[in-house]
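Down below is the structure, laid out as structure tokens.
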Amino acid sequence: MITFDGVTKRYPDGTVAVDDLSLEVPTGEITVFVGPSGCGKTTSLRMINRMIDPSGGRILLDGVDVTTIDPPTLRRGIGYVIQQAGLFPHRKIVDNVATVPYLLGWDKKKARDRAMELLERVGLDLRLAGRYPFQLSGGQQQRVGVARALAADPPVLLMDEPFSAVDPIVRASLQEELLRLQAELNKTIVFVTHDIDEAIKLGDRVAVLRVGGRLAQLADPATLLAEPADDFVREFLGRDRGIRRLSFVPGDGLRLRGDLTVPASAEVSSVRGTAEAWLVVVDDDGGPLGWIAPKDLPDSGTLAGVPAAPYGTFVKGRDSLRSALDAALLSPSGNAIAVDGSGRVVGVATREALDEALARVADGARG
Amino acid sequence: MNWLVDFFGNAANWSGPDGIPLRVLEHLVFAGLSLLLAVVLAVPLGLWIGHTGKGAVLVVLSANAARALPTLGLLVLVVLLMGVGTLAPVLIPLVALAVPPILVNTYEGIRGVDPELRDAAYGMGLRGRQVLGGVLVPVALPLILLGMRTAAIQVVATATVAAYVGLGGLGRYIIDGLATKDYPRAIGGAVLVAALALAVQGLFALVQRVTVSPGVSGRQRIR
Ligand SMILES: Nc1ncnc2c1ncn2[C@@H]1O[C@H](COP(=O)(O)OP(=O)(O)OP(=O)(O)O)[C@@H](O)[C@H]1O
Ligand SMILES: [Mg+2]
């Protein structure tokens, strides 16, 4: 656990970058520091590994005041990832990743084996290991940066806008990768960003800072979106706060109908009489093929021969109400298909079911 | 062209105390010794100033002052102060000539390393010396070598002044040749100096290829 205890940083020129900051970063969780430019995120982060020392207050790492630890020793036990990756241009990728193990005196073979293992972990092609940083794309370099920070298996990881210099698609995949890694590794991560969406996506807890380095709110993302502490936080969260909240409402609560599914092998005639406007056609494995409208079918043949309309799915038990709503908007029926982990249809969330679920969320917001 | 044949074709010029091999060797000793002294003085100083950021003003001032020093004037001064008979009158002016480019390039090379990189190095837990030796020097090496090469070429060209104080080297051919109106001799000396300068250039290209990481040189080629 990392504890900020009344931490203040006043730079020599008088700028107060962080003002009396007190908060706890729980072990094994991702805590995101977010806020507008210049609000003291980087300064706060860098005080943890003593790249900057506070002018007042204390930072405790598992109860130990960090200023009592010799900085290089402290830093070797804390992974650090920065925006431009900061890879050493003169060293091959594998040796970049092995930097801290080398510093800790591991033998070369062991350090390199570990580096290769990590490169694989962060999703890099191992053929890149023998290249130099300039031969990698920005996104690849950033993955190497993460691997390097993890090399000596430090319990704590500090990340300062690590993904902000890459394009949105690469950024999204790096974010996914980080969440996947974190599920395996359970590091204590402090992640700095100025992007509220990134904060909400990644954070178990989000600390919103305001300019002048004061804590505006510290909460889990769902709470933050539902109950912003004040106008500053509300404004910072931006538009679509209501819609984005749906990301944190589980799709489990949706009432599903199991009677709207028909196999592709069924005869057209078997569904002609139904009162339903839309039915889902599924293949032999139970996977969705699309929507058909029973009132608009050819005279004979099986449903496999009927052109099906597009559809959207969400995974029951995993995806949010937002995903379900998104799935519904992708099909002309306005209904969302619920599937299980292996993609088999388990039911349909109709417009009515979605409407009920949305009403429950709205009720929650009122109370 | 005939003059060159006159000089280089004359077997007498290839042996004895005034022969080409010995003169070249003397020249190389003056130049090499001066360069070595300059490197020993200027590289550590440049590294230290570039790394700590202290005394940067010193670099600029000393470099400009040294550039303004007339080599020949300095040589005469040293002779007046210390007399002839030692290498000092040659070495001191040549070292003074070689220090500025080495110092300035070393300093600029270290100081010019991307601050993010320096930051990352400290952030990983490298100590000050490890950051300097393990990151800053390898990254700044092309510039540091450039400073040395510039200095080496200047020193090789200027080591001819040794002849003014009765010492050997290729300057002898030039001075003696001019004095006796033996122009083939003077021109031959000048050609030898130029050839040595080219050889030095080639040597440094080789050193650069061997010592600079492909990760650094490759990146520069792309830019
Ligand atoms: N070395 C320094 N000397 C003086 N003031 C500084 C220094 N470093 C940062 N500051 C100031 O401290 C404040 C906080 O800076 P910091 O870098 O922590 O902000 P940030 O939240 O990380 O911003 P950004 O999102 O732009 O990276 C800013 O006003 C900045 O100008
Ligand atoms: Mg910052």
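Ligands are numbered from 1 in the order shown, chains are lettered A, B, ... in the order of the structure tokens, and residues start at 1 in each chain.
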
Distance filter 10 Å, only C-alpha atoms, chain B against chain A, as a PyMOL selection string: chain B and resi 114-128+130+134-136+138-139+212-220+222

For those residues, write N, CA, C and O atoms to a file as a compact mmCIF listing (two decimals), in the first residue's frame.
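The resulting part_5.txt:
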```
# COMPACT_ATOMS: atom_id res chain seq x y z
N ASP B 114 18.54 13.23 -24.87
CA ASP B 114 17.13 13.43 -24.55
C ASP B 114 16.88 13.34 -23.04
O ASP B 114 17.18 12.32 -22.43
N PRO B 115 16.35 14.41 -22.46
CA PRO B 115 16.11 14.39 -21.01
C PRO B 115 15.20 13.23 -20.57
O PRO B 115 15.35 12.71 -19.48
N GLU B 116 14.30 12.81 -21.44
CA GLU B 116 13.42 11.68 -21.11
C GLU B 116 14.24 10.42 -20.87
O GLU B 116 13.90 9.59 -20.04
N LEU B 117 15.31 10.30 -21.66
CA LEU B 117 16.15 9.11 -21.57
C LEU B 117 16.91 9.10 -20.25
O LEU B 117 16.98 8.09 -19.55
N ARG B 118 17.44 10.24 -19.92
CA ARG B 118 18.16 10.42 -18.68
C ARG B 118 17.21 10.12 -17.50
O ARG B 118 17.54 9.40 -16.56
N ASP B 119 16.00 10.65 -17.65
CA ASP B 119 14.97 10.46 -16.63
C ASP B 119 14.64 8.98 -16.46
O ASP B 119 14.56 8.46 -15.34
N ALA B 120 14.47 8.30 -17.59
CA ALA B 120 14.15 6.88 -17.54
C ALA B 120 15.28 6.11 -16.86
O ALA B 120 15.05 5.22 -16.05
N ALA B 121 16.52 6.50 -17.17
CA ALA B 121 17.66 5.80 -16.59
C ALA B 121 17.67 5.94 -15.07
O ALA B 121 17.81 4.95 -14.35
N TYR B 122 17.47 7.15 -14.60
CA TYR B 122 17.40 7.33 -13.14
C TYR B 122 16.19 6.60 -12.57
O TYR B 122 16.27 5.98 -11.51
N GLY B 123 15.09 6.65 -13.30
CA GLY B 123 13.87 6.02 -12.83
C GLY B 123 13.99 4.51 -12.69
O GLY B 123 13.31 3.90 -11.88
N MET B 124 14.86 3.91 -13.51
CA MET B 124 15.09 2.47 -13.41
C MET B 124 15.93 2.12 -12.19
O MET B 124 16.07 0.95 -11.86
N GLY B 125 16.59 3.13 -11.62
CA GLY B 125 17.43 2.86 -10.46
C GLY B 125 18.91 2.85 -10.77
O GLY B 125 19.71 2.33 -9.99
N LEU B 126 19.32 3.43 -11.91
CA LEU B 126 20.75 3.57 -12.17
C LEU B 126 21.29 4.69 -11.29
O LEU B 126 20.60 5.66 -11.02
N ARG B 127 22.53 4.53 -10.84
CA ARG B 127 23.16 5.60 -10.08
C ARG B 127 23.81 6.58 -11.06
O ARG B 127 23.99 6.26 -12.23
N GLY B 128 24.20 7.74 -10.54
CA GLY B 128 24.74 8.80 -11.38
C GLY B 128 25.81 8.33 -12.36
O GLY B 128 25.75 8.61 -13.55
N GLN B 130 26.43 5.30 -13.33
CA GLN B 130 25.90 4.30 -14.26
C GLN B 130 25.11 4.98 -15.37
O GLN B 130 25.15 4.55 -16.52
N GLY B 134 26.77 4.24 -18.64
CA GLY B 134 25.96 3.21 -19.27
C GLY B 134 24.97 3.73 -20.27
O GLY B 134 24.48 2.98 -21.11
N VAL B 135 24.64 5.01 -20.19
CA VAL B 135 23.62 5.55 -21.10
C VAL B 135 24.11 6.79 -21.84
O VAL B 135 24.10 6.83 -23.07
N LEU B 136 24.55 7.80 -21.08
CA LEU B 136 24.86 9.07 -21.74
C LEU B 136 26.05 8.95 -22.69
O LEU B 136 25.99 9.42 -23.83
N PRO B 138 27.43 6.21 -24.25
CA PRO B 138 27.15 5.47 -25.49
C PRO B 138 26.27 6.24 -26.46
O PRO B 138 26.46 6.15 -27.68
N VAL B 139 25.31 7.00 -25.94
CA VAL B 139 24.41 7.74 -26.82
C VAL B 139 25.11 8.97 -27.41
O VAL B 139 24.87 9.35 -28.55
N VAL B 212 30.46 2.62 -31.84
CA VAL B 212 29.11 3.18 -31.69
C VAL B 212 28.08 2.09 -31.94
O VAL B 212 28.15 1.37 -32.93
N SER B 213 27.12 1.97 -31.02
CA SER B 213 26.09 0.94 -31.16
C SER B 213 25.27 1.17 -32.43
O SER B 213 24.93 2.30 -32.75
N PRO B 214 24.94 0.09 -33.14
CA PRO B 214 24.08 0.23 -34.32
C PRO B 214 22.75 0.90 -33.97
O PRO B 214 22.13 1.54 -34.81
N GLY B 215 22.32 0.75 -32.73
CA GLY B 215 21.08 1.37 -32.31
C GLY B 215 21.18 2.88 -32.31
O GLY B 215 20.18 3.58 -32.47
N VAL B 216 22.40 3.39 -32.13
CA VAL B 216 22.61 4.84 -32.14
C VAL B 216 22.92 5.33 -33.55
O VAL B 216 22.32 6.27 -34.04
N SER B 217 23.84 4.63 -34.22
CA SER B 217 24.21 5.10 -35.56
C SER B 217 23.07 4.89 -36.55
O SER B 217 22.82 5.74 -37.40
N GLY B 218 22.35 3.79 -36.42
CA GLY B 218 21.23 3.51 -37.32
C GLY B 218 20.16 4.56 -37.20
O GLY B 218 19.61 5.02 -38.19
N ARG B 219 19.90 4.96 -35.97
CA ARG B 219 18.88 5.97 -35.73
C ARG B 219 19.27 7.27 -36.40
O ARG B 219 18.45 7.98 -36.95
N GLN B 220 20.58 7.57 -36.35
CA GLN B 220 21.00 8.83 -36.95
C GLN B 220 20.89 8.81 -38.46
O GLN B 220 20.54 9.79 -39.07
N ILE B 222 18.71 7.32 -40.16
CA ILE B 222 17.32 7.48 -40.57
C ILE B 222 16.89 8.94 -40.54
O ILE B 222 16.17 9.42 -41.38
```

Long-range neighbours of Asp355 (chain A) as a ChimeraX atom specification, 12 Å cut-off, only C-alpha atoms, 3 positions minimum in chain: /A:253-255,321,324-325,328,334-336,349-352,358-362

Non-local contacts of Leu170 (chain B) (12 Å; only C-alpha atoms; under 6 positions in same chain excluded) as a PyMOL selection string: chain B and resi 18-31+156-164+176-177+185-196

Suppose we keep N, CA and C atoms; can you now write the selection as a compact mmCIF listing (two decimals), in the first residue's frame?
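The resulting file, selection-v4.txt, is shown below:
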```
# COMPACT_ATOMS: atom_id res chain seq x y z
N ASP B 18 66.71 12.30 -42.06
CA ASP B 18 65.80 13.23 -42.75
C ASP B 18 64.92 12.49 -43.76
N GLY B 19 64.86 11.14 -43.60
CA GLY B 19 64.06 10.33 -44.52
C GLY B 19 62.58 10.39 -44.17
N ILE B 20 61.78 10.05 -45.17
CA ILE B 20 60.33 10.14 -44.99
C ILE B 20 59.80 9.29 -43.83
N PRO B 21 60.23 8.00 -43.71
CA PRO B 21 59.68 7.18 -42.62
C PRO B 21 59.89 7.81 -41.24
N LEU B 22 61.08 8.31 -41.00
CA LEU B 22 61.35 8.86 -39.67
C LEU B 22 60.58 10.16 -39.45
N ARG B 23 60.51 10.99 -40.48
CA ARG B 23 59.79 12.26 -40.35
C ARG B 23 58.30 12.01 -40.07
N VAL B 24 57.76 11.01 -40.77
CA VAL B 24 56.35 10.68 -40.55
C VAL B 24 56.15 10.20 -39.12
N LEU B 25 57.09 9.37 -38.67
CA LEU B 25 56.99 8.84 -37.32
C LEU B 25 57.04 9.98 -36.30
N GLU B 26 58.02 10.90 -36.50
CA GLU B 26 58.12 12.04 -35.57
C GLU B 26 56.83 12.83 -35.54
N HIS B 27 56.31 13.05 -36.74
CA HIS B 27 55.07 13.83 -36.87
C HIS B 27 53.94 13.16 -36.10
N LEU B 28 53.87 11.84 -36.27
CA LEU B 28 52.81 11.09 -35.60
C LEU B 28 53.00 11.11 -34.09
N VAL B 29 54.24 11.09 -33.64
CA VAL B 29 54.48 11.14 -32.19
C VAL B 29 54.01 12.48 -31.63
N PHE B 30 54.38 13.58 -32.29
CA PHE B 30 53.93 14.90 -31.81
C PHE B 30 52.40 14.97 -31.78
N ALA B 31 51.82 14.58 -32.90
CA ALA B 31 50.36 14.71 -33.02
C ALA B 31 49.65 13.77 -32.05
N VAL B 156 47.26 17.19 -36.60
CA VAL B 156 48.14 16.63 -37.63
C VAL B 156 48.60 17.73 -38.59
N ALA B 157 47.66 18.59 -38.95
CA ALA B 157 48.02 19.66 -39.89
C ALA B 157 48.95 20.67 -39.25
N THR B 158 48.76 20.91 -37.97
CA THR B 158 49.50 21.98 -37.30
C THR B 158 50.82 21.52 -36.70
N ALA B 159 51.00 20.21 -36.58
CA ALA B 159 52.24 19.70 -35.96
C ALA B 159 53.47 20.09 -36.77
N THR B 160 53.25 20.65 -37.95
CA THR B 160 54.37 21.13 -38.76
C THR B 160 55.17 22.22 -38.05
N VAL B 161 54.53 22.89 -37.07
CA VAL B 161 55.23 23.99 -36.39
C VAL B 161 56.43 23.49 -35.59
N ALA B 162 56.47 22.20 -35.31
CA ALA B 162 57.61 21.66 -34.56
C ALA B 162 58.93 22.05 -35.22
N ALA B 163 58.87 22.15 -36.54
CA ALA B 163 60.10 22.47 -37.27
C ALA B 163 60.65 23.85 -36.92
N TYR B 164 59.76 24.75 -36.53
CA TYR B 164 60.20 26.10 -36.18
C TYR B 164 61.14 26.12 -34.99
N ASP B 176 62.39 23.70 -44.51
CA ASP B 176 63.70 23.58 -45.18
C ASP B 176 63.55 23.77 -46.68
N GLY B 177 62.51 23.18 -47.22
CA GLY B 177 62.29 23.28 -48.66
C GLY B 177 62.11 24.73 -49.09
N ARG B 185 60.54 19.57 -52.40
CA ARG B 185 60.64 19.10 -51.02
C ARG B 185 59.49 19.68 -50.18
N ALA B 186 59.27 20.98 -50.31
CA ALA B 186 58.20 21.65 -49.54
C ALA B 186 56.84 21.06 -49.91
N ILE B 187 56.62 20.90 -51.21
CA ILE B 187 55.32 20.37 -51.62
C ILE B 187 55.16 18.92 -51.20
N GLY B 188 56.23 18.16 -51.30
CA GLY B 188 56.19 16.77 -50.84
C GLY B 188 55.78 16.69 -49.38
N GLY B 189 56.35 17.58 -48.57
CA GLY B 189 55.99 17.60 -47.14
C GLY B 189 54.51 17.88 -46.97
N ALA B 190 54.03 18.87 -47.72
CA ALA B 190 52.61 19.25 -47.59
C ALA B 190 51.71 18.09 -48.00
N VAL B 191 52.12 17.38 -49.06
CA VAL B 191 51.31 16.24 -49.51
C VAL B 191 51.27 15.16 -48.43
N LEU B 192 52.41 14.94 -47.80
CA LEU B 192 52.44 13.93 -46.73
C LEU B 192 51.51 14.31 -45.58
N VAL B 193 51.52 15.58 -45.23
CA VAL B 193 50.64 16.04 -44.15
C VAL B 193 49.18 15.78 -44.53
N ALA B 194 48.85 16.12 -45.75
CA ALA B 194 47.47 15.93 -46.20
C ALA B 194 47.09 14.45 -46.18
N ALA B 195 48.04 13.60 -46.59
CA ALA B 195 47.76 12.16 -46.60
C ALA B 195 47.54 11.64 -45.18
N LEU B 196 48.35 12.16 -44.26
CA LEU B 196 48.19 11.74 -42.86
C LEU B 196 46.81 12.15 -42.35
```

Exercise answer, 7 Å around ligand 1 with only C-alpha atoms and all ligand atoms, as a ChimeraX atom specification: /A:11-13,15-17,35-44,193-194

Counting only C-alpha atoms, the residue of B:Phe204, B:Trp48, B:Phe7, B:Tyr173 that sits nearest Val137 (chain B): B:Trp48

Selection near Ala165 (chain A), 12 Å with only C-alpha atoms, sequence-local residues under 2 positions removed, as a PyMOL selection string: chain A and resi 82-85+137-142+160-163+167-171+174+193

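Distance-wise, CA of Leu61 (chain B) and CA of Leu94 (chain B) end up 18.4 Å apart.
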
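Atom pair CA of Ala151 (chain A) / CA of Leu118 (chain A): separated by 6.8 Å.
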
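With distances restricted to only C-alpha atoms, A:Val146 is the closest residue to Ile189 (chain A) from A:Leu136, A:Val146, A:Leu218, A:Val345.
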